[in-house]
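Asks: Dropping a structure here in structure tokens format, bear with me for questions.
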Amino acid sequence: MKEDKFIKRRRRRQALAFGALRLSMALVVGSLGGILLFVLYHGAGALSWEFLTQAPRQAMTQGGIFPALVGTLYLTLGALLTALPLGVAAAVYLNEYARPGKLLTVVRLGIQNLAGVPSVVFGLFGLGLFCVALGMGTSIMAGSLTLGLLILPTVIGASEEALKQVPDTFREASLALGATRWQTIGRVVLPAALPGMLTGSILALGRAAGETAPIMFTAATFYTLRLPDSPFDQVMALPYHIYVLATSGTHIQQTRPLQYATVLVLIGLVLGLSLVAIILRARMRRSRKW
């Protein structure tokens, strides 16, 4: 009898726990679905091919977002080119070369804390260092470097976790065959860790594409019809364009559908990057033999 009561009590607790988990999942999915439906309802009518391929006109009350779309792609690509080499190099050093100890613990703690720094702080840092001290001005280069620093802790963390997933037997077998440590890392460890690294980098890229504060200080301009032809040109960007339409325009109510349509494009861009990461990870995992 006591065992039956114990089993029933445990099943009730398990049912409550699973119920709480299902409720949490439903709240998260429901919130996301509600946001998407709200934005779709207000912005789907303004979406068109012309909206994606034309520049704004008539005080940004008409036209499209093509310059902002191109600027966002330039900035995110520059951020990836900045953060990926530095992040992978740092992860390789921390996981493969650094000796365990207090210094390594402090460095990892610093990286974790850096990931929690507000994006506006990165924007002010980029303004002071890249725009003023290094003389880059408000430009794609300054914005890309700032966004690269913003996502750098995420890239380091994802790359280091991917390196930890590579079995030590791979390293031992390579060293036993006469390969140097650098050859082992470059030809055995890094290719095996590549799926996790790419996944983390693409997800970090999605965050960079949606940031407003860093590019507000370092790269974005209020309005321009000219596409950039130099890394030191200013650009329009989707997050800042949304901010401008919602707060600084002269016809805010008139541009409301354009605001929501731009939000839809930005959400689609971020979700598209996340989908690419998921598909890439799944395919690479299927191709691995371990």
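To be explicit about the labels: the chains of the structure tokens are called A, B, and onward in the order shown, and within each one the residues are counted from 1, while ligands get numbers from 1 in the order they are shown.
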When you look at A:Met60 with a cut-off of 9 Å (counting only C-alpha atoms), what residues show up, excluding the ones that are within fewer than 6 positions of it in the same chain? I need them as an MDAnalysis selection string.
Replies: chainID A and resid 223 245 249 251 255 258
Asks: Output the selection as a compact mmCIF listing (two decimals), in the first residue's frame - N, CA and C atoms for each residue.
Replies:
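What follows is the written file result_14.txt:
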# COMPACT_ATOMS: atom_id res chain seq x y z
N TYR A 223 18.84 58.92 -43.98
CA TYR A 223 18.25 58.74 -45.31
C TYR A 223 19.33 58.94 -46.36
N LEU A 245 11.36 55.56 -38.80
CA LEU A 245 9.96 55.64 -39.22
C LEU A 245 9.02 55.76 -38.03
N GLY A 249 10.03 60.40 -37.98
CA GLY A 249 9.44 60.83 -39.24
C GLY A 249 8.44 61.95 -39.05
N HIS A 251 5.60 62.02 -40.83
CA HIS A 251 4.27 61.46 -41.10
C HIS A 251 4.22 60.05 -40.49
N THR A 255 3.19 56.43 -42.32
CA THR A 255 4.20 55.41 -42.61
C THR A 255 4.03 54.15 -41.77
N LEU A 258 4.37 50.87 -43.57
CA LEU A 258 5.76 50.66 -43.99
C LEU A 258 6.62 50.21 -42.81
Asks: Give me, as a PyMOL selection string, all polymer residues having an atom no more than 12 Å from A:Gly126, counting only C-alpha atoms and skipping those fewer than 6 positions away in the same chain.
Replies: chain A and resi 119-120+132-150+213-219
Asks: Could you pull out the alpha helix (DSSP H) residues of stretch 78-120 of chain A, going by DSSP on the backbone, and write them as a PDB file with C-alpha atoms, in the first residue's frame?
Replies:
ATOM      1  CA  GLY A  78      31.338  42.670 -42.138  1.00  0.00           C
ATOM      2  CA  ALA A  79      30.469  41.623 -38.579  1.00  0.00           C
ATOM      3  CA  LEU A  80      30.864  37.959 -39.523  1.00  0.00           C
ATOM      4  CA  LEU A  81      34.215  38.578 -41.208  1.00  0.00           C
ATOM      5  CA  THR A  82      35.346  40.383 -38.050  1.00  0.00           C
ATOM      6  CA  ALA A  83      34.063  37.998 -35.387  1.00  0.00           C
ATOM      7  CA  LEU A  84      34.543  34.577 -36.990  1.00  0.00           C
ATOM      8  CA  PRO A  85      38.377  34.530 -37.325  1.00  0.00           C
ATOM      9  CA  LEU A  86      38.894  36.156 -33.926  1.00  0.00           C
ATOM     10  CA  GLY A  87      36.293  33.958 -32.220  1.00  0.00           C
ATOM     11  CA  VAL A  88      37.605  30.693 -33.664  1.00  0.00           C
ATOM     12  CA  ALA A  89      41.218  31.644 -32.872  1.00  0.00           C
ATOM     13  CA  ALA A  90      40.297  32.524 -29.279  1.00  0.00           C
ATOM     14  CA  ALA A  91      38.310  29.310 -28.859  1.00  0.00           C
ATOM     15  CA  VAL A  92      41.186  27.206 -30.220  1.00  0.00           C
ATOM     16  CA  LYS A 102      42.807  30.818 -12.303  1.00  0.00           C
ATOM     17  CA  LEU A 103      43.811  32.925 -15.300  1.00  0.00           C
ATOM     18  CA  LEU A 104      41.811  30.755 -17.694  1.00  0.00           C
ATOM     19  CA  THR A 105      38.814  30.903 -15.352  1.00  0.00           C
ATOM     20  CA  VAL A 106      39.020  34.697 -15.226  1.00  0.00           C
ATOM     21  CA  VAL A 107      39.270  34.921 -19.027  1.00  0.00           C
ATOM     22  CA  ARG A 108      36.219  32.696 -19.528  1.00  0.00           C
ATOM     23  CA  LEU A 109      34.296  34.664 -16.904  1.00  0.00           C
ATOM     24  CA  GLY A 110      35.195  37.868 -18.718  1.00  0.00           C
ATOM     25  CA  ILE A 111      33.909  36.461 -22.021  1.00  0.00           C
ATOM     26  CA  GLN A 112      30.640  35.426 -20.383  1.00  0.00           C
ATOM     27  CA  ASN A 113      30.213  38.861 -18.814  1.00  0.00           C
ATOM     28  CA  LEU A 114      31.021  40.523 -22.133  1.00  0.00           C
ATOM     29  CA  ALA A 115      28.122  38.648 -23.717  1.00  0.00           C
ATOM     30  CA  SER A 119      24.432  46.722 -27.014  1.00  0.00           C
ATOM     31  CA  VAL A 120      24.328  50.500 -26.484  1.00  0.00           C
TER      32      VAL A 120
END
Asks: Between stretch 7-97 of chain A and stretch 228-234 of chain A, at 12 Å or less, what are the per-residue closest atom pairs and their distances in Å? Count only C-alpha atoms, order by chain and rising residue number, and return it as a Markdown table.
Replies:
| residue | atom | partner | partner_atom | distance |
| --- | --- | --- | --- | --- |
| A:Pro67 | CA | A:Pro228 | CA | 8.8 |
| A:Ala68 | CA | A:Pro228 | CA | 10.8 |
| A:Leu69 | CA | A:Pro228 | CA | 12.0 |
| A:Val70 | CA | A:Pro228 | CA | 8.8 |
| A:Gly71 | CA | A:Pro228 | CA | 7.9 |
| A:Thr72 | CA | A:Gln234 | CA | 11.4 |
| A:Leu73 | CA | A:Pro228 | CA | 11.7 |
| A:Tyr74 | CA | A:Pro231 | CA | 9.0 |
| A:Leu75 | CA | A:Pro231 | CA | 9.8 |
| A:Leu77 | CA | A:Pro231 | CA | 11.8 |
| A:Gly78 | CA | A:Pro231 | CA | 9.4 |
Asks: Going by DSSP on the backbone, which residues of stretch 49-153 of chain A come out as strand (DSSP E or B)? List them as a list in words.
Replies: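 Residues meeting the strand (DSSP E or B) criterion: Pro56, Arg57, Gln62 and Gly63 of chain A.
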